[in-house]
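J.: Structure below; questions to follow.
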Amino acid sequence: MDLGGHRVATQENRGKHRVPRALITGVTGQDGSYLAEFLLARGYEVFGTIRRTSLSIDDRIRHLLDDVRLIDADLLDQLSLIKAVQTARPDEVYNLAAMSFVPTSFVQPVLTGEYTALGVAKMLEAIRLADWPIRFYQASSSEMFGKVHEIPQRETTPFHPRSPYGVAKVYGHWITVNYREAYGLHASSGILFNHESPRRGLEFVTRKISHAVARIKLGLQREVRLGNLDAKRDWGYAGDYVEAMWLMLQQPEPDDYVISTEETHSVREFLEIAFRHVGLPDWDPYVRVDPKLLRPADVEILIGDSTKARTKLGWKPRVSFAELVTRMVDADLAAEAADSRRPALR
C-alpha cells in the first residue's frame, strides 16, 4: 500500500484476519473517537474498551456505536484487559486511555499513576500472554519533557516531567520500551505534542477558551477565567495525529516518534485568534487571570521536532494553528446557537 509516497505494510498482508482488527482503550475520548473513524474508513473491525460508570460517556462516538464493538474493561483490572484482548483478538492495540488532565494529576497523583503508568504495564502484559502477534501503540506525551533540556524536543531529549501526569507517562513510555526489548513485541510510542479539536473536553484550556468565546459572542457568558496566559505549546489537530499512530504500527520495526507541528503558540495567541474570529479583537475585558488556576509546577514552552516521523512515516500535519482555533470556535458557536433553551444574560 502506498501512502504519501511511502510504502507501508498492511494488516491484510501480515495478520491472521482477512479484515484487520483493532482494539482501542480510551475509545470514548477525543483521540479514540478520531482513531475509530480513521480505522473504520480503512476497513478495520474496531473494538473499544469502555469503563462503565453511572454517567453517559459515549458522546464522542455515538455516531459510531453501530460500527464499534464496546467491551467492558478497566486499566486497573488486569483480568478485564486479558478478557478484552481474548474477545477482540486484535492485530493492533492502541492504548489511549489515561487520567489525562494535568491539573487533576496534582490532586489525584496516586490514581493518575495507577491508570496512566501501571495501566500500560497491565495492557502490555495482556498482549504478551496472547498466543498471536499483536502490534501495540502507546500514547506517550510531550508532558514527559516538562522542564525542557533543549528546544525543540526530539526523541533523544531527556525527560524532566513537571506533573504527576508527566511522571506517569514517563513510566508508560519506558515500560513500552522494556516490553519491546525484553519480549520482542512490536510496541511503539508516539510522543504526541498537544493536539486539540472540537471534541476536546471542556476542562482543557483550548476548549475552555473556544467554548467561552462562543458563549460570550452569543451573550451567554461575560468572561472566562484562565491561568498562565504565557504558557507556550505546540498545538496540532487531533484528526491529523491519529494517522501518525496508525502509521507507526504499519512499519516493519517498532520505534518511538515525536509527533508535532514544529510551531509553538501561547495561550494568549489562542485567545487573540479566537476572539478576533467572532469580531471581538479586544479580548482583554473578557479574560481574567485566576491564580487558583496556576499549576504548582508549570511547563513554560513545548515545541517538537518531528523530523523522524516526517521522514520515516511520511507524516505531516495538515491543519494550521489558526484553522484549528477557528474550527473549535465555529463548532462551539453552532452548538450553543442551536440550544435555544438557554436565556441570554440580562
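By order in the C-alpha cells, chains are A, B, ...; within a chain, residues start at 1; ligands start at 1, following the order shown.
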Skipping near chain neighbours, those fewer than 2 positions away, what residues fall within 12 Å of A:Thr156 using only C-alpha atoms, listed as a ChimeraX atom specification?
T.: /A:145,148-154,158-159,191,256-258,304-306,308
J.: Find the nearest atom pair between each residue of stretch 142-249 of chain A and stretch 22-29 of chain A for residues within 9 Å, count only C-alpha atoms, give distances in Å to one decimal, sort rows by chain and ascending number, and present the table as JSON lines.
T.:
```
{"residue": "A:Arg199", "atom": "CA", "partner": "A:Gly29", "partner_atom": "CA", "distance": 8.2}
{"residue": "A:Arg200", "atom": "CA", "partner": "A:Gly29", "partner_atom": "CA", "distance": 8.2}
{"residue": "A:Gly201", "atom": "CA", "partner": "A:Gly29", "partner_atom": "CA", "distance": 8.6}
```
J.: Since we have the selection now, will you write its residues out, keeping N, CA, C and O atoms, as a compact mmCIF listing (two decimals), in the first residue's frame?
T.:
```txt
# COMPACT_ATOMS: atom_id res chain seq x y z
N ARG A 199 -13.80 18.19 19.78
CA ARG A 199 -14.18 17.11 20.70
C ARG A 199 -13.37 17.13 21.99
O ARG A 199 -13.53 16.26 22.84
N ARG A 200 -12.50 18.09 22.14
CA ARG A 200 -11.70 18.20 23.36
C ARG A 200 -12.62 18.48 24.54
O ARG A 200 -13.64 19.18 24.42
N GLY A 201 -12.28 17.96 25.72
CA GLY A 201 -13.09 18.18 26.91
C GLY A 201 -13.04 19.63 27.36
O GLY A 201 -12.05 20.34 27.15
```
J.: Could you state the separation of atom CA of A:Gly239 and atom CA of A:Val325 in Å, given to one decimal place?
T.: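 Interatomic distance, atom CA of A:Gly239 to atom CA of A:Val325: 13.8 Å.
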J.: Name the residues in contact with A:Glu253 at a cut-off of 12 Å, using only C-alpha atoms, excluding same-chain residues fewer than 5 positions from it; report them as a PyMOL selection string.
T.: chain A and resi 8-9+135-136+180-181+184-188+247-248+312-313
J.: What are the nearest atom pairs, with distances in Å to one decimal, for all residues of stretch 99-171 of chain A that come at most 8 Å from stretch 279-297 of chain A, using only C-alpha atoms, set out by chain and rising residue number as a Markdown table?
T.:
```
| residue | atom | partner | partner_atom | distance |
| --- | --- | --- | --- | --- |
| A:Pro103 | CA | A:Arg295 | CA | 6.7 |
| A:Arg162 | CA | A:Ala297 | CA | 5.8 |
| A:Ser163 | CA | A:Ala297 | CA | 6.9 |
```
J.: One decimal, Å: what's the distance from atom CA of A:Ala98 over to atom CA of A:Leu124, could you say?
T.: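 Separating atom CA of A:Ala98 from atom CA of A:Leu124 is a distance of 14.4 Å.
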J.: What does the distance between atom CA of A:Gly219 and atom CA of A:Thr206 come to in Å, to one decimal place?
T.: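 So the two atoms, atom CA of A:Gly219 and atom CA of A:Thr206, lie 20.0 Å apart.
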J.: DSSP says alpha helix (DSSP H) for which residues of stretch 162-218 of chain A? Put them as a PyMOL selection string?
T.: chain A and resi 164-183+205-217
J.: Let's have the selection written as a short mmCIF file (atom, residue, chain, number, x, y, z; two decimals), in the first residue's frame, with N, CA, C and O atoms.
T.:
```cif
data_model
loop_
_atom_site.label_atom_id
_atom_site.label_comp_id
_atom_site.auth_asym_id
_atom_site.auth_seq_id
_atom_site.Cartn_x
_atom_site.Cartn_y
_atom_site.Cartn_z
N PRO A 164 2.51 15.01 38.10
CA PRO A 164 2.29 13.58 38.26
C PRO A 164 1.87 12.91 36.97
O PRO A 164 2.23 11.75 36.71
N TYR A 165 1.11 13.61 36.15
CA TYR A 165 0.72 13.06 34.85
C TYR A 165 1.94 12.80 33.99
O TYR A 165 2.10 11.73 33.40
N GLY A 166 2.83 13.79 33.90
CA GLY A 166 4.05 13.63 33.11
C GLY A 166 4.92 12.50 33.63
O GLY A 166 5.48 11.73 32.85
N VAL A 167 5.02 12.38 34.96
CA VAL A 167 5.82 11.31 35.56
C VAL A 167 5.22 9.95 35.19
O VAL A 167 5.95 9.01 34.82
N ALA A 168 3.90 9.84 35.27
CA ALA A 168 3.24 8.57 34.95
C ALA A 168 3.43 8.22 33.47
O ALA A 168 3.64 7.05 33.12
N LYS A 169 3.39 9.22 32.61
CA LYS A 169 3.60 8.98 31.19
C LYS A 169 5.02 8.50 30.91
O LYS A 169 5.24 7.69 29.99
N VAL A 170 5.99 8.99 31.68
CA VAL A 170 7.37 8.52 31.51
C VAL A 170 7.45 7.03 31.81
O VAL A 170 8.09 6.26 31.08
N TYR A 171 6.81 6.59 32.89
CA TYR A 171 6.79 5.16 33.21
C TYR A 171 6.15 4.38 32.07
O TYR A 171 6.67 3.35 31.62
N GLY A 172 4.98 4.85 31.58
CA GLY A 172 4.30 4.16 30.50
C GLY A 172 5.17 4.05 29.25
O GLY A 172 5.17 3.04 28.55
N HIS A 173 5.92 5.11 28.99
CA HIS A 173 6.81 5.12 27.83
C HIS A 173 7.91 4.08 27.99
O HIS A 173 8.15 3.26 27.08
N TRP A 174 8.58 4.07 29.14
CA TRP A 174 9.73 3.19 29.32
C TRP A 174 9.32 1.73 29.50
O TRP A 174 10.07 0.82 29.13
N ILE A 175 8.13 1.48 30.06
CA ILE A 175 7.70 0.08 30.17
C ILE A 175 7.37 -0.46 28.77
O ILE A 175 7.55 -1.65 28.50
N THR A 176 6.93 0.41 27.89
CA THR A 176 6.71 0.00 26.50
C THR A 176 8.03 -0.37 25.83
O THR A 176 8.14 -1.39 25.15
N VAL A 177 9.03 0.47 26.03
CA VAL A 177 10.37 0.16 25.50
C VAL A 177 10.88 -1.15 26.09
O VAL A 177 11.45 -2.00 25.39
N ASN A 178 10.65 -1.36 27.39
CA ASN A 178 11.12 -2.56 28.06
C ASN A 178 10.48 -3.82 27.47
O ASN A 178 11.16 -4.82 27.23
N TYR A 179 9.17 -3.80 27.25
CA TYR A 179 8.50 -4.96 26.67
C TYR A 179 8.95 -5.19 25.24
O TYR A 179 9.02 -6.33 24.77
N ARG A 180 9.24 -4.13 24.53
CA ARG A 180 9.76 -4.27 23.18
C ARG A 180 11.11 -4.97 23.18
O ARG A 180 11.35 -5.88 22.38
N GLU A 181 11.97 -4.57 24.09
CA GLU A 181 13.32 -5.12 24.14
C GLU A 181 13.37 -6.49 24.83
O GLU A 181 14.14 -7.36 24.43
N ALA A 182 12.55 -6.67 25.86
CA ALA A 182 12.61 -7.91 26.63
C ALA A 182 11.86 -9.06 25.96
O ALA A 182 12.27 -10.22 26.04
N TYR A 183 10.72 -8.74 25.30
CA TYR A 183 9.88 -9.80 24.75
C TYR A 183 9.73 -9.74 23.24
O TYR A 183 9.02 -10.57 22.66
N VAL A 205 -7.68 23.85 28.38
CA VAL A 205 -7.68 25.30 28.18
C VAL A 205 -8.14 25.69 26.77
O VAL A 205 -8.83 26.70 26.61
N THR A 206 -7.77 24.91 25.76
CA THR A 206 -8.15 25.27 24.40
C THR A 206 -9.67 25.25 24.22
O THR A 206 -10.26 26.19 23.70
N ARG A 207 -10.28 24.18 24.66
CA ARG A 207 -11.74 24.07 24.53
C ARG A 207 -12.44 25.01 25.50
O ARG A 207 -13.52 25.55 25.20
N LYS A 208 -11.85 25.25 26.65
CA LYS A 208 -12.42 26.21 27.59
C LYS A 208 -12.51 27.58 26.94
O LYS A 208 -13.50 28.30 27.09
N ILE A 209 -11.46 27.93 26.19
CA ILE A 209 -11.45 29.22 25.50
C ILE A 209 -12.47 29.24 24.37
O ILE A 209 -13.28 30.17 24.26
N SER A 210 -12.45 28.24 23.48
CA SER A 210 -13.35 28.27 22.33
C SER A 210 -14.81 28.26 22.78
O SER A 210 -15.66 28.96 22.21
N HIS A 211 -15.11 27.50 23.81
CA HIS A 211 -16.47 27.44 24.35
C HIS A 211 -16.88 28.77 24.95
O HIS A 211 -18.00 29.27 24.71
N ALA A 212 -15.98 29.38 25.72
CA ALA A 212 -16.28 30.66 26.34
C ALA A 212 -16.45 31.76 25.31
O ALA A 212 -17.35 32.60 25.41
N VAL A 213 -15.58 31.77 24.30
CA VAL A 213 -15.68 32.80 23.26
C VAL A 213 -17.02 32.70 22.54
O VAL A 213 -17.67 33.72 22.27
N ALA A 214 -17.45 31.51 22.23
CA ALA A 214 -18.75 31.33 21.58
C ALA A 214 -19.88 31.85 22.46
O ALA A 214 -20.78 32.56 22.00
N ARG A 215 -19.83 31.53 23.74
CA ARG A 215 -20.88 31.96 24.66
C ARG A 215 -20.86 33.47 24.89
O ARG A 215 -21.90 34.10 25.02
N ILE A 216 -19.67 34.04 24.95
CA ILE A 216 -19.55 35.49 25.10
C ILE A 216 -20.13 36.19 23.87
O ILE A 216 -20.87 37.18 23.98
N LYS A 217 -19.80 35.69 22.70
CA LYS A 217 -20.33 36.27 21.46
C LYS A 217 -21.85 36.21 21.42
O LYS A 217 -22.52 37.15 20.95
#
```
J.: Could you name the residues that touch stretch 59-75 of chain A at 10 Å or less, counting only C-alpha atoms, but leaving out those on the same chain fewer than 4 positions away, as a PDB file with N, CA, C and O atoms, in the first residue's frame?
T.:
```
ATOM      1  N   LEU A  23      -8.064  -2.900  18.639  1.00  0.00           N
ATOM      2  CA  LEU A  23      -8.651  -2.666  19.955  1.00  0.00           C
ATOM      3  C   LEU A  23      -8.133  -1.332  20.463  1.00  0.00           C
ATOM      4  O   LEU A  23      -6.919  -1.106  20.502  1.00  0.00           O
ATOM      5  N   ILE A  24      -9.046  -0.438  20.831  1.00  0.00           N
ATOM      6  CA  ILE A  24      -8.683   0.894  21.301  1.00  0.00           C
ATOM      7  C   ILE A  24      -9.113   1.047  22.751  1.00  0.00           C
ATOM      8  O   ILE A  24     -10.305   0.950  23.060  1.00  0.00           O
ATOM      9  N   THR A  25      -8.152   1.271  23.650  1.00  0.00           N
ATOM     10  CA  THR A  25      -8.541   1.681  25.002  1.00  0.00           C
ATOM     11  C   THR A  25      -8.717   3.198  24.973  1.00  0.00           C
ATOM     12  O   THR A  25      -7.991   3.904  24.286  1.00  0.00           O
ATOM     13  N   GLY A  26      -9.702   3.688  25.703  1.00  0.00           N
ATOM     14  CA  GLY A  26      -9.977   5.125  25.639  1.00  0.00           C
ATOM     15  C   GLY A  26     -10.703   5.513  24.365  1.00  0.00           C
ATOM     16  O   GLY A  26     -10.562   6.626  23.875  1.00  0.00           O
ATOM     17  N   VAL A  27     -11.518   4.601  23.825  1.00  0.00           N
ATOM     18  CA  VAL A  27     -12.188   4.855  22.560  1.00  0.00           C
ATOM     19  C   VAL A  27     -13.194   6.000  22.663  1.00  0.00           C
ATOM     20  O   VAL A  27     -13.531   6.635  21.653  1.00  0.00           O
ATOM     21  N   THR A  28     -13.694   6.285  23.859  1.00  0.00           N
ATOM     22  CA  THR A  28     -14.686   7.354  24.011  1.00  0.00           C
ATOM     23  C   THR A  28     -14.052   8.729  24.147  1.00  0.00           C
ATOM     24  O   THR A  28     -14.759   9.734  24.226  1.00  0.00           O
ATOM     25  N   GLY A  29     -12.726   8.798  24.181  1.00  0.00           N
ATOM     26  CA  GLY A  29     -12.051  10.082  24.296  1.00  0.00           C
ATOM     27  C   GLY A  29     -11.892  10.770  22.953  1.00  0.00           C
ATOM     28  O   GLY A  29     -12.283  10.246  21.903  1.00  0.00           O
ATOM     29  N   GLN A  30     -11.297  11.952  22.983  1.00  0.00           N
ATOM     30  CA  GLN A  30     -11.080  12.708  21.753  1.00  0.00           C
ATOM     31  C   GLN A  30     -10.302  11.886  20.725  1.00  0.00           C
ATOM     32  O   GLN A  30     -10.763  11.665  19.602  1.00  0.00           O
ATOM     33  N   ASP A  31      -9.124  11.428  21.099  1.00  0.00           N
ATOM     34  CA  ASP A  31      -8.287  10.687  20.156  1.00  0.00           C
ATOM     35  C   ASP A  31      -8.925   9.365  19.760  1.00  0.00           C
ATOM     36  O   ASP A  31      -8.854   8.949  18.596  1.00  0.00           O
ATOM     37  N   GLY A  32      -9.548   8.690  20.732  1.00  0.00           N
ATOM     38  CA  GLY A  32     -10.172   7.407  20.439  1.00  0.00           C
ATOM     39  C   GLY A  32     -11.263   7.518  19.394  1.00  0.00           C
ATOM     40  O   GLY A  32     -11.387   6.661  18.513  1.00  0.00           O
ATOM     41  N   SER A  33     -12.042   8.592  19.463  1.00  0.00           N
ATOM     42  CA  SER A  33     -13.131   8.756  18.500  1.00  0.00           C
ATOM     43  C   SER A  33     -12.596   9.010  17.094  1.00  0.00           C
ATOM     44  O   SER A  33     -13.086   8.446  16.114  1.00  0.00           O
ATOM     45  N   TYR A  34     -11.567   9.850  16.986  1.00  0.00           N
ATOM     46  CA  TYR A  34     -10.985  10.114  15.664  1.00  0.00           C
ATOM     47  C   TYR A  34     -10.276   8.874  15.122  1.00  0.00           C
ATOM     48  O   TYR A  34     -10.343   8.584  13.921  1.00  0.00           O
ATOM     49  N   ALA A  36     -11.000   5.728  15.812  1.00  0.00           N
ATOM     50  CA  ALA A  36     -12.017   4.757  15.405  1.00  0.00           C
ATOM     51  C   ALA A  36     -12.554   5.103  14.018  1.00  0.00           C
ATOM     52  O   ALA A  36     -12.708   4.220  13.158  1.00  0.00           O
ATOM     53  N   GLU A  37     -12.839   6.369  13.772  1.00  0.00           N
ATOM     54  CA  GLU A  37     -13.297   6.795  12.454  1.00  0.00           C
ATOM     55  C   GLU A  37     -12.256   6.473  11.383  1.00  0.00           C
ATOM     56  O   GLU A  37     -12.588   5.977  10.295  1.00  0.00           O
ATOM     57  N   LEU A  40     -12.061   2.613  10.796  1.00  0.00           N
ATOM     58  CA  LEU A  40     -13.263   2.114  10.123  1.00  0.00           C
ATOM     59  C   LEU A  40     -13.236   2.479   8.644  1.00  0.00           C
ATOM     60  O   LEU A  40     -13.630   1.672   7.790  1.00  0.00           O
ATOM     61  N   TYR A  44     -11.171  -1.604   8.890  1.00  0.00           N
ATOM     62  CA  TYR A  44     -10.897  -2.355  10.114  1.00  0.00           C
ATOM     63  C   TYR A  44     -12.197  -2.743  10.817  1.00  0.00           C
ATOM     64  O   TYR A  44     -13.215  -2.055  10.710  1.00  0.00           O
ATOM     65  N   GLU A  45     -12.111  -3.818  11.570  1.00  0.00           N
ATOM     66  CA  GLU A  45     -13.121  -4.136  12.573  1.00  0.00           C
ATOM     67  C   GLU A  45     -12.596  -3.543  13.876  1.00  0.00           C
ATOM     68  O   GLU A  45     -11.496  -3.892  14.319  1.00  0.00           O
ATOM     69  N   VAL A  46     -13.368  -2.638  14.462  1.00  0.00           N
ATOM     70  CA  VAL A  46     -12.876  -1.858  15.593  1.00  0.00           C
ATOM     71  C   VAL A  46     -13.598  -2.246  16.872  1.00  0.00           C
ATOM     72  O   VAL A  46     -14.833  -2.294  16.932  1.00  0.00           O
ATOM     73  N   PHE A  47     -12.791  -2.520  17.900  1.00  0.00           N
ATOM     74  CA  PHE A  47     -13.289  -2.791  19.247  1.00  0.00           C
ATOM     75  C   PHE A  47     -12.768  -1.680  20.160  1.00  0.00           C
ATOM     76  O   PHE A  47     -11.663  -1.166  19.967  1.00  0.00           O
ATOM     77  N   GLY A  48     -13.544  -1.344  21.156  1.00  0.00           N
ATOM     78  CA  GLY A  48     -13.101  -0.326  22.103  1.00  0.00           C
ATOM     79  C   GLY A  48     -13.450  -0.713  23.514  1.00  0.00           C
ATOM     80  O   GLY A  48     -14.529  -1.281  23.762  1.00  0.00           O
ATOM     81  N   THR A  49     -12.532  -0.447  24.434  1.00  0.00           N
ATOM     82  CA  THR A  49     -12.843  -0.723  25.834  1.00  0.00           C
ATOM     83  C   THR A  49     -13.574   0.461  26.431  1.00  0.00           C
ATOM     84  O   THR A  49     -13.331   1.616  26.084  1.00  0.00           O
ATOM     85  N   ILE A  50     -14.475   0.170  27.337  1.00  0.00           N
ATOM     86  CA  ILE A  50     -15.241   1.213  27.997  1.00  0.00           C
ATOM     87  C   ILE A  50     -15.351   0.869  29.475  1.00  0.00           C
ATOM     88  O   ILE A  50     -15.591  -0.285  29.840  1.00  0.00           O
ATOM     89  N   ARG A  51     -15.123   1.863  30.296  1.00  0.00           N
ATOM     90  CA  ARG A  51     -15.238   1.678  31.747  1.00  0.00           C
ATOM     91  C   ARG A  51     -16.623   2.129  32.164  1.00  0.00           C
ATOM     92  O   ARG A  51     -16.990   3.291  32.016  1.00  0.00           O
ATOM     93  N   ARG A  52     -17.407   1.208  32.661  1.00  0.00           N
ATOM     94  CA  ARG A  52     -18.799   1.504  32.990  1.00  0.00           C
ATOM     95  C   ARG A  52     -18.891   2.475  34.170  1.00  0.00           C
ATOM     96  O   ARG A  52     -18.258   2.297  35.200  1.00  0.00           O
ATOM     97  N   LEU A  79      -7.365  -8.666  34.751  1.00  0.00           N
ATOM     98  CA  LEU A  79      -8.164  -9.736  34.157  1.00  0.00           C
ATOM     99  C   LEU A  79      -9.099  -9.201  33.077  1.00  0.00           C
ATOM    100  O   LEU A  79      -9.282  -9.836  32.039  1.00  0.00           O
ATOM    101  N   SER A  80      -9.672  -8.025  33.301  1.00  0.00           N
ATOM    102  CA  SER A  80     -10.587  -7.475  32.297  1.00  0.00           C
ATOM    103  C   SER A  80      -9.846  -7.140  31.008  1.00  0.00           C
ATOM    104  O   SER A  80     -10.411  -7.257  29.910  1.00  0.00           O
ATOM    105  N   LEU A  81      -8.585  -6.740  31.103  1.00  0.00           N
ATOM    106  CA  LEU A  81      -7.797  -6.431  29.904  1.00  0.00           C
ATOM    107  C   LEU A  81      -7.454  -7.715  29.152  1.00  0.00           C
ATOM    108  O   LEU A  81      -7.492  -7.744  27.915  1.00  0.00           O
ATOM    109  N   ILE A  82      -7.122  -8.773  29.893  1.00  0.00           N
ATOM    110  CA  ILE A  82      -6.856 -10.061  29.257  1.00  0.00           C
ATOM    111  C   ILE A  82      -8.101 -10.545  28.508  1.00  0.00           C
ATOM    112  O   ILE A  82      -8.027 -11.001  27.364  1.00  0.00           O
ATOM    113  N   LYS A  83      -9.252 -10.418  29.148  1.00  0.00           N
ATOM    114  CA  LYS A  83     -10.503 -10.846  28.518  1.00  0.00           C
ATOM    115  C   LYS A  83     -10.825  -9.986  27.294  1.00  0.00           C
ATOM    116  O   LYS A  83     -11.340 -10.482  26.291  1.00  0.00           O
ATOM    117  N   ALA A  84     -10.520  -8.690  27.372  1.00  0.00           N
ATOM    118  CA  ALA A  84     -10.774  -7.797  26.237  1.00  0.00           C
ATOM    119  C   ALA A  84      -9.941  -8.210  25.026  1.00  0.00           C
ATOM    120  O   ALA A  84     -10.429  -8.234  23.887  1.00  0.00           O
ATOM    121  N   VAL A  85      -8.680  -8.545  25.278  1.00  0.00           N
ATOM    122  CA  VAL A  85      -7.804  -8.989  24.191  1.00  0.00           C
ATOM    123  C   VAL A  85      -8.310 -10.312  23.622  1.00  0.00           C
ATOM    124  O   VAL A  85      -8.353 -10.506  22.399  1.00  0.00           O
ATOM    125  N   THR A  87     -11.342 -11.396  23.600  1.00  0.00           N
ATOM    126  CA  THR A  87     -12.612 -11.171  22.894  1.00  0.00           C
ATOM    127  C   THR A  87     -12.383 -10.537  21.526  1.00  0.00           C
ATOM    128  O   THR A  87     -12.955 -10.969  20.524  1.00  0.00           O
ATOM    129  N   ALA A  88     -11.551  -9.506  21.488  1.00  0.00           N
ATOM    130  CA  ALA A  88     -11.338  -8.772  20.238  1.00  0.00           C
ATOM    131  C   ALA A  88     -10.383  -9.493  19.287  1.00  0.00           C
ATOM    132  O   ALA A  88     -10.492  -9.341  18.077  1.00  0.00           O
ATOM    133  N   ASN A  95      -3.307   1.996  22.943  1.00  0.00           N
ATOM    134  CA  ASN A  95      -3.575   2.307  24.342  1.00  0.00           C
ATOM    135  C   ASN A  95      -3.647   3.819  24.525  1.00  0.00           C
ATOM    136  O   ASN A  95      -2.642   4.502  24.737  1.00  0.00           O
ATOM    137  N   ALA A  97      -6.152   5.198  26.680  1.00  0.00           N
ATOM    138  CA  ALA A  97      -6.800   5.500  27.954  1.00  0.00           C
ATOM    139  C   ALA A  97      -5.784   5.977  28.978  1.00  0.00           C
ATOM    140  O   ALA A  97      -4.669   5.462  29.052  1.00  0.00           O
ATOM    141  N   ALA A  98      -6.177   6.968  29.764  1.00  0.00           N
ATOM    142  CA  ALA A  98      -5.305   7.520  30.818  1.00  0.00           C
ATOM    143  C   ALA A  98      -6.100   8.529  31.629  1.00  0.00           C
ATOM    144  O   ALA A  98      -7.166   8.984  31.211  1.00  0.00           O
ATOM    145  N   GLU A 114      -1.778   4.940  38.831  1.00  0.00           N
ATOM    146  CA  GLU A 114      -2.353   3.606  38.623  1.00  0.00           C
ATOM    147  C   GLU A 114      -2.901   3.453  37.203  1.00  0.00           C
ATOM    148  O   GLU A 114      -2.725   2.414  36.564  1.00  0.00           O
ATOM    149  N   TYR A 115      -3.569   4.486  36.703  1.00  0.00           N
ATOM    150  CA  TYR A 115      -4.132   4.410  35.358  1.00  0.00           C
ATOM    151  C   TYR A 115      -3.080   4.653  34.281  1.00  0.00           C
ATOM    152  O   TYR A 115      -2.921   3.867  33.350  1.00  0.00           O
ATOM    153  N   THR A 116      -2.370   5.774  34.411  1.00  0.00           N
ATOM    154  CA  THR A 116      -1.529   6.257  33.325  1.00  0.00           C
ATOM    155  C   THR A 116      -0.182   5.555  33.267  1.00  0.00           C
ATOM    156  O   THR A 116       0.441   5.484  32.206  1.00  0.00           O
ATOM    157  N   ALA A 117       0.287   5.016  34.381  1.00  0.00           N
ATOM    158  CA  ALA A 117       1.561   4.285  34.403  1.00  0.00           C
ATOM    159  C   ALA A 117       1.319   2.781  34.447  1.00  0.00           C
ATOM    160  O   ALA A 117       1.561   2.066  33.471  1.00  0.00           O
ATOM    161  N   LEU A 118       0.794   2.273  35.565  1.00  0.00           N
ATOM    162  CA  LEU A 118       0.630   0.826  35.725  1.00  0.00           C
ATOM    163  C   LEU A 118      -0.381   0.238  34.749  1.00  0.00           C
ATOM    164  O   LEU A 118      -0.278  -0.929  34.366  1.00  0.00           O
ATOM    165  N   GLY A 119      -1.348   1.048  34.314  1.00  0.00           N
ATOM    166  CA  GLY A 119      -2.309   0.559  33.328  1.00  0.00           C
ATOM    167  C   GLY A 119      -1.641   0.143  32.028  1.00  0.00           C
ATOM    168  O   GLY A 119      -2.086  -0.801  31.362  1.00  0.00           O
ATOM    169  N   VAL A 120      -0.557   0.835  31.678  1.00  0.00           N
ATOM    170  CA  VAL A 120       0.182   0.479  30.463  1.00  0.00           C
ATOM    171  C   VAL A 120       0.820  -0.901  30.624  1.00  0.00           C
ATOM    172  O   VAL A 120       0.755  -1.747  29.724  1.00  0.00           O
ATOM    173  N   ALA A 121       1.443  -1.130  31.775  1.00  0.00           N
ATOM    174  CA  ALA A 121       2.074  -2.432  32.033  1.00  0.00           C
ATOM    175  C   ALA A 121       1.041  -3.555  31.988  1.00  0.00           C
ATOM    176  O   ALA A 121       1.305  -4.648  31.455  1.00  0.00           O
ATOM    177  N   LYS A 122      -0.140  -3.316  32.530  1.00  0.00           N
ATOM    178  CA  LYS A 122      -1.186  -4.337  32.525  1.00  0.00           C
ATOM    179  C   LYS A 122      -1.660  -4.634  31.108  1.00  0.00           C
ATOM    180  O   LYS A 122      -1.921  -5.791  30.749  1.00  0.00           O
ATOM    181  N   MET A 123      -1.761  -3.592  30.287  1.00  0.00           N
ATOM    182  CA  MET A 123      -2.169  -3.815  28.902  1.00  0.00           C
ATOM    183  C   MET A 123      -1.097  -4.574  28.138  1.00  0.00           C
ATOM    184  O   MET A 123      -1.390  -5.499  27.366  1.00  0.00           O
ATOM    185  N   ARG A 199     -13.802  18.186  19.782  1.00  0.00           N
ATOM    186  CA  ARG A 199     -14.180  17.105  20.696  1.00  0.00           C
ATOM    187  C   ARG A 199     -13.367  17.131  21.991  1.00  0.00           C
ATOM    188  O   ARG A 199     -13.530  16.261  22.838  1.00  0.00           O
ATOM    189  N   ARG A 200     -12.502  18.086  22.143  1.00  0.00           N
ATOM    190  CA  ARG A 200     -11.703  18.201  23.356  1.00  0.00           C
ATOM    191  C   ARG A 200     -12.622  18.481  24.543  1.00  0.00           C
ATOM    192  O   ARG A 200     -13.637  19.177  24.416  1.00  0.00           O
TER     193      ARG A 200
END
```
